[in-house]
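See below for the structure under consideration.
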Amino acid sequence: MKIGSSARPLGVAIIGSGPSGFYAAEALLKQADFEVRIDMFDRLPTPYGLVRGGVAPDHQKIKNVVAVYEKAALNPRFRFFGNVKLGRDIQVEDLTRHYDQIVYAVGNESDRKLGVTGEDLSGNHSATAFVGWYNGHPDFREETFDLTQESVAVIGIGNVAIDVTRILARDPEELKETDIAGYALDALRQSKVETIWLLGRRGPAQAAYSPAEIKEIGDLVSADLVIDPAEVVLGPESEKDYTDPQNKKNVDYVVEHARRGEGTLARKVRLRFCVSPVEVLGQDGRVVALKLERNKLTADASGNVKASGTGEYETIPVGLVFRSVGYRGIPIPGVPFDDRAGKIPNAEGRVLNQAGGDVLAAQYVVGWAKRGPSGLIGTNRADSVATVKAMLEDAAAGKFGGETVEPDDKAIPALLEGRGARYVSFADWKVIDEVERTTGAARGKIREKLTTVEEMLEAVQSRKAPLSV
Ligand code: NAP
């Protein structure tokens, strides 16, 4: 019987329910050549990955994208199994046995380190942890950040660094109606942070933030954005970067803003360029300062601009450090991992047994796990469509793993129940969603997130119906 016919649908497992996973589901459901059945798994009981756990609470509009994901999730050919972790509750061998194709949409769960002395000091944090904390992610709700410190540093000038800076710099009353975690709002209300150093190792023409994001910092009513005019003067090495429209907007903005001087507000965001942290300095095990080296920029033959140290140093007093120098994937048992690149090795979305190695039949990858931690949410749509194209080409050519048993809708629920895994269906998630919205409404917020897996499972159980798919 042809795989992909209505009598024998193409069975696909998608691991991860963030944007890239949902865009893959959407593309599979939209195509007309194959009859598909999709099961999506997530280690959390809640779907949507970084849309829920990463996008900042003051960027609610971006979160409207979940309407598209929900449409896919409500398709009768789609099932959601939340609270099911690959490598713990289900193994790659289970997937290859029960599905014709597997798509890893697992994102990047960890972050890059700086590799400087003092990174183990208390008060030195990853932006990932801070973002997860204020967004109520169960992995990070127990983190603590000493916001009694008056001076903090954010290392890196990508959009995550900007998010962290904005949440620290904003008047918390502007966040009180959002879906920010309740404990984070309370902590931010007590914050004594006055100075936020935002530290770029290269110049304004190489900044990784988007023009809209830096403008949002400049527009804050609760903090002044302060830039040294001497640090935004471009050298000849930046000429090529300045021809890029986005870079040009970024440069023009900071050049204009630098003219405004110190401003009058107590809270300052001090944006610096061409400085690299070389040591986190501590006292009694706690961060007290950051040693910076001034950089010079040089362009190689293709115009790529690199920073290198000049041997000129300065020390800024800070009590907290957030490194925001990029995310990084973590290995999953049974799934190949390219440790150097921090992602799943692949050729245009087809998983390889190792970097530069052979294609593993019927296994695919999308999103940050495929290409590394770059791009906006929408970037993942075209990326997932490209992987789905490869999947459909392989299906048309009959290239499958060859170990799959006849699909049976009851097999996965039975397997999970047999292992004592309490999976959460999409209908169950809608119960969690309803509880969060109702609790939020009572507090004048969009939603009050449940922030532990236990609370989420209790909310589902409180419906007094058995968990169902
Ligand atoms: P990113 O855009 O790659 O930025 C990383 C930053 O860290 C860069 O400024 C980089 O500088 C710097 N960096 C790297 N290694 C460093 C080191 N050793 N020392 C000092 N600085 C270092 O990563 P991200 O901010 O984590 O964002 C990830 C993706 O999510 C991006 O595509 C971003 O646009 C997206 N995102 C978007 C939004 C939004 O649209 N609102 C919000 C959050 C995230 P160099 O350029 O010199 O390497």
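Naming works like this for the structure tokens: A, B, ... for the chains as they're shown, residue 1 at the start of each chain, ligands 1 onward in shown order.
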
Note to self: So that I can see what lies close to A:Tyr48, please list as number ranges by chain the residues with an atom at most 8 Å from it, counting only C-alpha atoms and leaving out residues fewer than 3 positions away in the same chain.
What the structure shows: A: 17-19, 51-52, 66, 69

Note to self: What residues of the protein or nucleic acid chains come within 7 Å of ligand 1 when you use only C-alpha atoms and all ligand atoms? Reply as a ChimeraX atom specification.
What the structure shows: /A:55,114,155-161,163,200-202,206-210,213,276-277,324-327,373-376

Kindly save the residues from that selection, with C-alpha atoms included, as a PDB file, in the first residue's frame.
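Saved as part31.pdb:
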ATOM      1  CA  VAL A  55       9.288  36.694  23.307  1.00  0.00           C
ATOM      2  CA  LEU A 114      32.241  33.961  27.165  1.00  0.00           C
ATOM      3  CA  ILE A 155      27.180  41.576  27.162  1.00  0.00           C
ATOM      4  CA  GLY A 156      26.331  41.373  23.461  1.00  0.00           C
ATOM      5  CA  ILE A 157      24.145  43.676  21.383  1.00  0.00           C
ATOM      6  CA  GLY A 158      21.711  41.295  19.675  1.00  0.00           C
ATOM      7  CA  ASN A 159      17.934  41.459  20.085  1.00  0.00           C
ATOM      8  CA  VAL A 160      18.029  39.213  23.164  1.00  0.00           C
ATOM      9  CA  ALA A 161      20.419  41.674  24.870  1.00  0.00           C
ATOM     10  CA  ASP A 163      15.063  42.502  25.415  1.00  0.00           C
ATOM     11  CA  GLY A 200      29.117  45.576  21.962  1.00  0.00           C
ATOM     12  CA  ARG A 201      32.453  44.102  20.937  1.00  0.00           C
ATOM     13  CA  ARG A 202      32.255  45.586  17.442  1.00  0.00           C
ATOM     14  CA  GLN A 206      28.039  45.578  12.994  1.00  0.00           C
ATOM     15  CA  ALA A 207      25.355  45.657  15.709  1.00  0.00           C
ATOM     16  CA  ALA A 208      23.146  42.552  15.713  1.00  0.00           C
ATOM     17  CA  TYR A 209      20.029  44.313  17.019  1.00  0.00           C
ATOM     18  CA  SER A 210      17.260  45.425  14.646  1.00  0.00           C
ATOM     19  CA  GLU A 213      14.617  47.317  18.804  1.00  0.00           C
ATOM     20  CA  SER A 276      35.128  43.122  25.105  1.00  0.00           C
ATOM     21  CA  PRO A 277      34.860  41.733  28.617  1.00  0.00           C
ATOM     22  CA  SER A 324      23.766  37.525  25.813  1.00  0.00           C
ATOM     23  CA  VAL A 325      26.169  36.208  23.211  1.00  0.00           C
ATOM     24  CA  GLY A 326      23.924  33.682  21.470  1.00  0.00           C
ATOM     25  CA  TYR A 327      22.049  30.447  22.104  1.00  0.00           C
ATOM     26  CA  PRO A 373      20.339  30.603  16.536  1.00  0.00           C
ATOM     27  CA  SER A 374      19.583  33.267  13.976  1.00  0.00           C
ATOM     28  CA  GLY A 375      16.585  34.939  12.434  1.00  0.00           C
ATOM     29  CA  LEU A 376      13.204  36.178  13.557  1.00  0.00           C
TER      30      LEU A 376
END

Next item on the list: Determine which residues of stretch 182-322 of chain A receive a DSSP assignment of strand (DSSP E), computed from the backbone, and state them as a ChimeraX atom specification.
Entry: /A:195-199,224-227,268-272,275-283,286-299,305-317,320-322

Take the residues from that selection and put them in a file with N, CA and C atoms, as a short mmCIF file (atom, residue, chain, number, x, y, z; two decimals), in the first residue's frame.
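Heads up, here's the output in selection09.cif:
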data_model
loop_
_atom_site.label_atom_id
_atom_site.label_comp_id
_atom_site.auth_asym_id
_atom_site.auth_seq_id
_atom_site.Cartn_x
_atom_site.Cartn_y
_atom_site.Cartn_z
N THR A 195 21.87 51.81 36.37
CA THR A 195 22.72 51.88 35.17
C THR A 195 22.80 50.51 34.52
N ILE A 196 22.51 50.47 33.23
CA ILE A 196 22.63 49.21 32.47
C ILE A 196 23.65 49.46 31.37
N TRP A 197 24.78 48.79 31.48
CA TRP A 197 25.81 48.89 30.45
C TRP A 197 25.48 47.86 29.37
N LEU A 198 25.34 48.32 28.14
CA LEU A 198 25.01 47.42 27.03
C LEU A 198 26.26 47.40 26.15
N LEU A 199 26.93 46.24 26.10
CA LEU A 199 28.31 46.22 25.62
C LEU A 199 28.48 45.45 24.30
N ASP A 224 17.23 56.92 30.07
CA ASP A 224 17.91 57.60 28.97
C ASP A 224 18.87 56.63 28.29
N LEU A 225 18.88 56.65 26.97
CA LEU A 225 19.89 55.90 26.22
C LEU A 225 21.06 56.86 26.01
N VAL A 226 22.22 56.48 26.55
CA VAL A 226 23.38 57.37 26.50
C VAL A 226 24.48 56.71 25.67
N ILE A 227 24.98 57.46 24.69
CA ILE A 227 26.00 56.92 23.77
C ILE A 227 27.11 57.96 23.63
N LYS A 268 19.82 54.93 33.43
CA LYS A 268 20.56 55.12 32.17
C LYS A 268 20.86 53.77 31.52
N VAL A 269 20.69 53.72 30.20
CA VAL A 269 21.22 52.59 29.42
C VAL A 269 22.44 53.14 28.71
N ARG A 270 23.61 52.65 29.09
CA ARG A 270 24.85 53.16 28.50
C ARG A 270 25.33 52.17 27.44
N LEU A 271 25.07 52.53 26.18
CA LEU A 271 25.44 51.65 25.06
C LEU A 271 26.88 51.93 24.67
N ARG A 272 27.69 50.88 24.68
CA ARG A 272 29.11 51.04 24.35
C ARG A 272 29.45 50.18 23.13
N VAL A 275 34.15 47.21 22.78
CA VAL A 275 34.71 46.78 24.06
C VAL A 275 34.37 45.30 24.28
N SER A 276 35.34 44.54 24.80
CA SER A 276 35.13 43.12 25.10
C SER A 276 35.42 42.87 26.56
N PRO A 277 34.54 42.10 27.24
CA PRO A 277 34.86 41.73 28.62
C PRO A 277 36.03 40.75 28.62
N VAL A 278 37.01 41.00 29.45
CA VAL A 278 38.14 40.06 29.54
C VAL A 278 38.19 39.37 30.89
N GLU A 279 37.49 39.93 31.89
CA GLU A 279 37.43 39.28 33.19
C GLU A 279 36.23 39.81 33.98
N VAL A 280 35.54 38.87 34.64
CA VAL A 280 34.49 39.27 35.59
C VAL A 280 35.18 39.30 36.95
N LEU A 281 35.19 40.46 37.59
CA LEU A 281 35.92 40.61 38.85
C LEU A 281 34.97 40.38 40.02
N GLY A 282 35.47 39.70 41.07
CA GLY A 282 34.60 39.37 42.19
C GLY A 282 35.21 39.70 43.53
N GLN A 283 34.33 39.69 44.53
CA GLN A 283 34.75 39.85 45.92
C GLN A 283 33.82 38.95 46.72
N ARG A 286 31.21 37.12 44.78
CA ARG A 286 30.16 37.85 44.06
C ARG A 286 30.76 38.80 43.02
N VAL A 287 30.04 39.01 41.93
CA VAL A 287 30.49 39.95 40.90
C VAL A 287 30.52 41.37 41.47
N VAL A 288 31.64 42.09 41.27
CA VAL A 288 31.68 43.50 41.67
C VAL A 288 32.07 44.44 40.51
N ALA A 289 32.66 43.86 39.47
CA ALA A 289 33.09 44.72 38.37
C ALA A 289 33.37 43.88 37.13
N LEU A 290 33.52 44.57 36.04
CA LEU A 290 33.82 43.92 34.77
C LEU A 290 35.03 44.63 34.16
N LYS A 291 36.04 43.84 33.80
CA LYS A 291 37.21 44.44 33.14
C LYS A 291 37.00 44.34 31.63
N LEU A 292 37.13 45.47 30.96
CA LEU A 292 36.89 45.53 29.52
C LEU A 292 38.17 45.89 28.78
N GLU A 293 38.32 45.32 27.61
CA GLU A 293 39.43 45.74 26.74
C GLU A 293 38.86 46.46 25.53
N ARG A 294 39.49 47.53 25.20
CA ARG A 294 39.05 48.29 24.03
C ARG A 294 39.48 47.54 22.77
N ASN A 295 38.61 47.50 21.77
CA ASN A 295 38.92 46.77 20.53
C ASN A 295 39.19 47.70 19.37
N LYS A 296 39.97 47.19 18.43
CA LYS A 296 40.05 47.90 17.14
C LYS A 296 39.43 46.98 16.09
N LEU A 297 38.89 47.59 15.05
CA LEU A 297 38.20 46.81 14.03
C LEU A 297 39.04 46.75 12.76
N THR A 298 39.05 45.55 12.15
CA THR A 298 39.73 45.42 10.86
C THR A 298 38.85 44.59 9.94
N ALA A 299 38.92 44.90 8.65
CA ALA A 299 38.11 44.15 7.68
C ALA A 299 39.04 43.22 6.89
N VAL A 305 34.18 42.26 9.14
CA VAL A 305 34.85 43.07 10.16
C VAL A 305 35.04 42.28 11.45
N LYS A 306 36.30 42.26 11.90
CA LYS A 306 36.64 41.55 13.15
C LYS A 306 37.12 42.53 14.20
N ALA A 307 36.89 42.16 15.48
CA ALA A 307 37.40 42.98 16.58
C ALA A 307 38.62 42.30 17.16
N SER A 308 39.64 43.08 17.51
CA SER A 308 40.77 42.51 18.26
C SER A 308 41.21 43.51 19.33
N GLY A 309 41.74 42.98 20.42
CA GLY A 309 42.08 43.80 21.57
C GLY A 309 43.23 44.77 21.28
N THR A 310 43.17 45.94 21.93
CA THR A 310 44.24 46.93 21.74
C THR A 310 45.22 46.95 22.91
N GLY A 311 44.88 46.20 23.99
CA GLY A 311 45.73 46.26 25.18
C GLY A 311 45.40 47.43 26.09
N GLU A 312 44.34 48.16 25.73
CA GLU A 312 43.86 49.28 26.56
C GLU A 312 42.68 48.77 27.39
N TYR A 313 42.73 48.94 28.70
CA TYR A 313 41.69 48.35 29.56
C TYR A 313 40.95 49.41 30.36
N GLU A 314 39.76 49.05 30.80
CA GLU A 314 39.02 49.89 31.76
C GLU A 314 38.20 48.93 32.62
N THR A 315 37.82 49.40 33.80
CA THR A 315 37.01 48.56 34.68
C THR A 315 35.74 49.31 35.02
N ILE A 316 34.58 48.63 34.84
CA ILE A 316 33.33 49.29 35.23
C ILE A 316 32.74 48.53 36.43
N PRO A 317 32.30 49.26 37.45
CA PRO A 317 31.70 48.59 38.61
C PRO A 317 30.30 48.09 38.26
N LEU A 320 25.91 42.83 38.66
CA LEU A 320 25.23 41.75 37.93
C LEU A 320 25.73 41.76 36.49
N VAL A 321 25.91 40.58 35.93
CA VAL A 321 26.30 40.48 34.53
C VAL A 321 25.36 39.51 33.82
N PHE A 322 24.86 39.90 32.67
CA PHE A 322 24.05 39.01 31.84
C PHE A 322 24.79 38.81 30.52
#

Next item on the list: Run DSSP on the backbone and grab whatever in stretch 236-392 of chain A lands in helix (DSSP H, G or I); send it over as a PyMOL selection string.
Entry: chain A and resi 236-242+245-258+368-371+379-392

Let's have the selection written as a short mmCIF file (atom, residue, chain, number, x, y, z; two decimals), in the first residue's frame, with N, CA, C and O atoms.
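Final output, saved to selection13.cif:
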data_model
loop_
_atom_site.label_atom_id
_atom_site.label_comp_id
_atom_site.auth_asym_id
_atom_site.auth_seq_id
_atom_site.Cartn_x
_atom_site.Cartn_y
_atom_site.Cartn_z
N PRO A 236 37.10 53.31 8.08
CA PRO A 236 36.96 52.82 6.69
C PRO A 236 36.60 51.33 6.63
O PRO A 236 35.97 50.87 5.67
N GLU A 237 36.97 50.56 7.68
CA GLU A 237 36.68 49.11 7.66
C GLU A 237 35.17 48.83 7.66
O GLU A 237 34.73 47.75 7.28
N SER A 238 34.36 49.82 8.10
CA SER A 238 32.91 49.59 8.22
C SER A 238 32.13 50.06 7.00
O SER A 238 30.90 49.97 6.98
N GLU A 239 32.86 50.54 5.98
CA GLU A 239 32.17 51.09 4.80
C GLU A 239 31.22 50.09 4.18
O GLU A 239 30.08 50.39 3.85
N LYS A 240 31.69 48.84 4.04
CA LYS A 240 30.84 47.83 3.37
C LYS A 240 29.60 47.54 4.21
O LYS A 240 28.48 47.51 3.68
N ASP A 241 29.78 47.36 5.52
CA ASP A 241 28.62 47.07 6.39
C ASP A 241 27.60 48.21 6.34
O ASP A 241 26.39 47.98 6.41
N TYR A 242 28.10 49.44 6.19
CA TYR A 242 27.21 50.61 6.20
C TYR A 242 26.33 50.65 4.94
O TYR A 242 25.29 51.31 4.91
N PRO A 245 21.13 48.27 4.29
CA PRO A 245 20.12 49.23 4.78
C PRO A 245 19.84 49.13 6.28
O PRO A 245 19.65 50.15 6.95
N GLN A 246 19.81 47.92 6.81
CA GLN A 246 19.54 47.75 8.24
C GLN A 246 20.68 48.33 9.08
O GLN A 246 20.46 49.05 10.06
N ASN A 247 21.93 48.04 8.68
CA ASN A 247 23.08 48.58 9.41
C ASN A 247 23.10 50.10 9.33
O ASN A 247 23.43 50.78 10.31
N LYS A 248 22.76 50.61 8.14
CA LYS A 248 22.77 52.08 7.96
C LYS A 248 21.77 52.72 8.93
O LYS A 248 22.09 53.70 9.61
N LYS A 249 20.57 52.12 9.01
CA LYS A 249 19.55 52.65 9.94
C LYS A 249 20.09 52.63 11.37
O LYS A 249 19.92 53.58 12.13
N ASN A 250 20.74 51.52 11.74
CA ASN A 250 21.28 51.39 13.10
C ASN A 250 22.34 52.47 13.37
O ASN A 250 22.34 53.09 14.43
N VAL A 251 23.23 52.67 12.41
CA VAL A 251 24.30 53.65 12.60
C VAL A 251 23.71 55.05 12.70
O VAL A 251 24.00 55.80 13.65
N ASP A 252 22.83 55.38 11.74
CA ASP A 252 22.27 56.74 11.72
C ASP A 252 21.53 57.02 13.03
O ASP A 252 21.59 58.13 13.57
N TYR A 253 20.86 56.00 13.55
CA TYR A 253 20.11 56.20 14.79
C TYR A 253 21.04 56.52 15.96
O TYR A 253 20.82 57.48 16.70
N VAL A 254 22.10 55.72 16.12
CA VAL A 254 22.96 55.96 17.29
C VAL A 254 23.78 57.25 17.14
O VAL A 254 24.05 57.93 18.14
N VAL A 255 24.13 57.60 15.90
CA VAL A 255 24.87 58.85 15.69
C VAL A 255 23.99 60.02 16.12
O VAL A 255 24.42 60.92 16.86
N GLU A 256 22.74 59.96 15.69
CA GLU A 256 21.81 61.05 16.05
C GLU A 256 21.57 61.06 17.56
O GLU A 256 21.61 62.09 18.21
N HIS A 257 21.39 59.87 18.12
CA HIS A 257 21.05 59.78 19.55
C HIS A 257 22.22 60.21 20.44
O HIS A 257 22.02 60.78 21.51
N ALA A 258 23.44 59.94 19.97
CA ALA A 258 24.62 60.27 20.78
C ALA A 258 24.69 61.78 21.06
O ALA A 258 25.22 62.21 22.08
N TRP A 368 16.26 26.52 14.60
CA TRP A 368 17.60 26.77 15.15
C TRP A 368 18.42 25.50 15.27
O TRP A 368 19.64 25.54 15.16
N ALA A 369 17.78 24.36 15.49
CA ALA A 369 18.51 23.09 15.57
C ALA A 369 19.13 22.76 14.21
O ALA A 369 20.13 22.05 14.12
N LYS A 370 18.57 23.33 13.14
CA LYS A 370 19.07 23.09 11.78
C LYS A 370 20.16 24.08 11.38
O LYS A 370 21.21 23.71 10.87
N ARG A 371 19.88 25.37 11.63
CA ARG A 371 20.78 26.39 11.06
C ARG A 371 21.50 27.23 12.09
O ARG A 371 22.28 28.11 11.76
N THR A 379 11.33 33.93 9.99
CA THR A 379 12.41 33.29 9.21
C THR A 379 12.21 31.79 9.17
O THR A 379 12.61 31.11 8.21
N ASN A 380 11.60 31.25 10.23
CA ASN A 380 11.46 29.81 10.32
C ASN A 380 10.45 29.22 9.35
O ASN A 380 10.44 28.03 9.11
N ARG A 381 9.58 30.08 8.82
CA ARG A 381 8.55 29.53 7.94
C ARG A 381 9.19 28.99 6.66
O ARG A 381 9.02 27.81 6.33
N ALA A 382 9.96 29.83 5.97
CA ALA A 382 10.59 29.39 4.72
C ALA A 382 11.56 28.24 4.99
O ALA A 382 11.67 27.29 4.20
N ASP A 383 12.23 28.31 6.13
CA ASP A 383 13.19 27.27 6.50
C ASP A 383 12.47 25.92 6.68
O ASP A 383 12.93 24.88 6.19
N SER A 384 11.32 25.93 7.35
CA SER A 384 10.58 24.68 7.56
C SER A 384 9.97 24.19 6.25
O SER A 384 9.95 22.98 5.99
N VAL A 385 9.50 25.12 5.42
CA VAL A 385 8.95 24.73 4.11
C VAL A 385 10.01 24.01 3.29
O VAL A 385 9.74 23.00 2.64
N ALA A 386 11.27 24.49 3.38
CA ALA A 386 12.37 23.87 2.62
C ALA A 386 12.62 22.44 3.11
O ALA A 386 12.82 21.52 2.30
N THR A 387 12.59 22.24 4.42
CA THR A 387 12.79 20.89 4.94
C THR A 387 11.62 19.98 4.53
O THR A 387 11.82 18.83 4.12
N VAL A 388 10.40 20.52 4.60
CA VAL A 388 9.22 19.71 4.22
C VAL A 388 9.32 19.32 2.73
O VAL A 388 8.96 18.20 2.35
N LYS A 389 9.86 20.21 1.93
CA LYS A 389 10.04 19.89 0.49
C LYS A 389 10.94 18.67 0.35
O LYS A 389 10.64 17.74 -0.40
N ALA A 390 12.04 18.66 1.12
CA ALA A 390 12.96 17.51 1.09
C ALA A 390 12.23 16.24 1.57
O ALA A 390 12.41 15.15 1.00
N MET A 391 11.40 16.39 2.60
CA MET A 391 10.65 15.23 3.13
C MET A 391 9.73 14.65 2.06
O MET A 391 9.63 13.43 1.89
N LEU A 392 9.05 15.55 1.34
CA LEU A 392 8.09 15.08 0.34
C LEU A 392 8.80 14.46 -0.87
O LEU A 392 8.33 13.47 -1.43
#

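Using only C-alpha atoms, the protein and nucleic acid residues lying no more than 7 Å from stretch 336-349 of chain A, apart from those fewer than 5 places from it along its own chain, are Arg328, Gly329, Ile330, Pro331, Gln354, Ala355, Tyr364, Val365, Val366, Ala369, Lys370, Gly372 and Thr387 of chain A.
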
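The nearest approach to A:Glu26 among the residues A:Thr144, A:Asn75, A:Thr165, A:Ser5, with only C-alpha atoms taken into account, belongs to A:Asn75.
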
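Here atom CA of A:Thr439 is placed at a distance of 24.0 Å from atom CA of A:Arg422.
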
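Atom CA of A:Val460 is found 5.8 Å from atom CA of A:Asp428.
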
Check: Between A:Phe400, A:Ser151, A:Gln91, A:Asn108, which is the closest to A:Val12 once you count only C-alpha atoms?
Finding: A:Phe400

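Note that the spacing between atom CA of A:Ala153 and atom CA of A:Phe130 amounts to 13.0 Å.
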
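With only C-alpha atoms as the atoms that count, the residue of A:Arg77, A:Arg97, A:Arg88, A:Arg350 with the shortest distance to A:Gly420 is A:Arg88.
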
Using only C-alpha atoms, I'd like a table of the residues in stretch 33-83 of chain A that come within 9 Å of stretch 167-173 of chain A; for each, show the closest atom pair and its distance in Å rounded to one decimal, ordered by chain and ascending number, as a tab-separated table.
residue	atom	partner	partner_atom	distance
A:Ala56	CA	A:Ile167	CA	8.0
A:Pro57	CA	A:Ile167	CA	8.6
A:Asp58	CA	A:Ile167	CA	8.3

Keeping only C-alpha atoms, write the selected residues to a file as a PDB file, in the first residue's frame.
ATOM      1  CA  ALA A  56       9.288  39.564  25.801  1.00  0.00           C
ATOM      2  CA  PRO A  57       6.061  40.371  27.682  1.00  0.00           C
ATOM      3  CA  ASP A  58       6.009  43.914  26.258  1.00  0.00           C
TER       4      ASP A  58
END

Next item on the list: Show which residues sit within 12 Å of A:Gly398, as a PyMOL selection string. Count only C-alpha atoms, and ignore same-chain residues fewer than 5 positions away.
Entry: chain A and resi 1-4+10+100-101+361-362+391-393

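Counting only C-alpha atoms and comparing A:Arg43, A:Arg443, A:Lys85, A:His98, the residue that lies closest to A:Asp409 is A:His98.
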
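The shortest atom-to-atom distance to A:Ile446, with only C-alpha atoms taken into account, belongs to A:Glu177 out of A:Glu70, A:Glu35, A:Glu434, A:Glu177.
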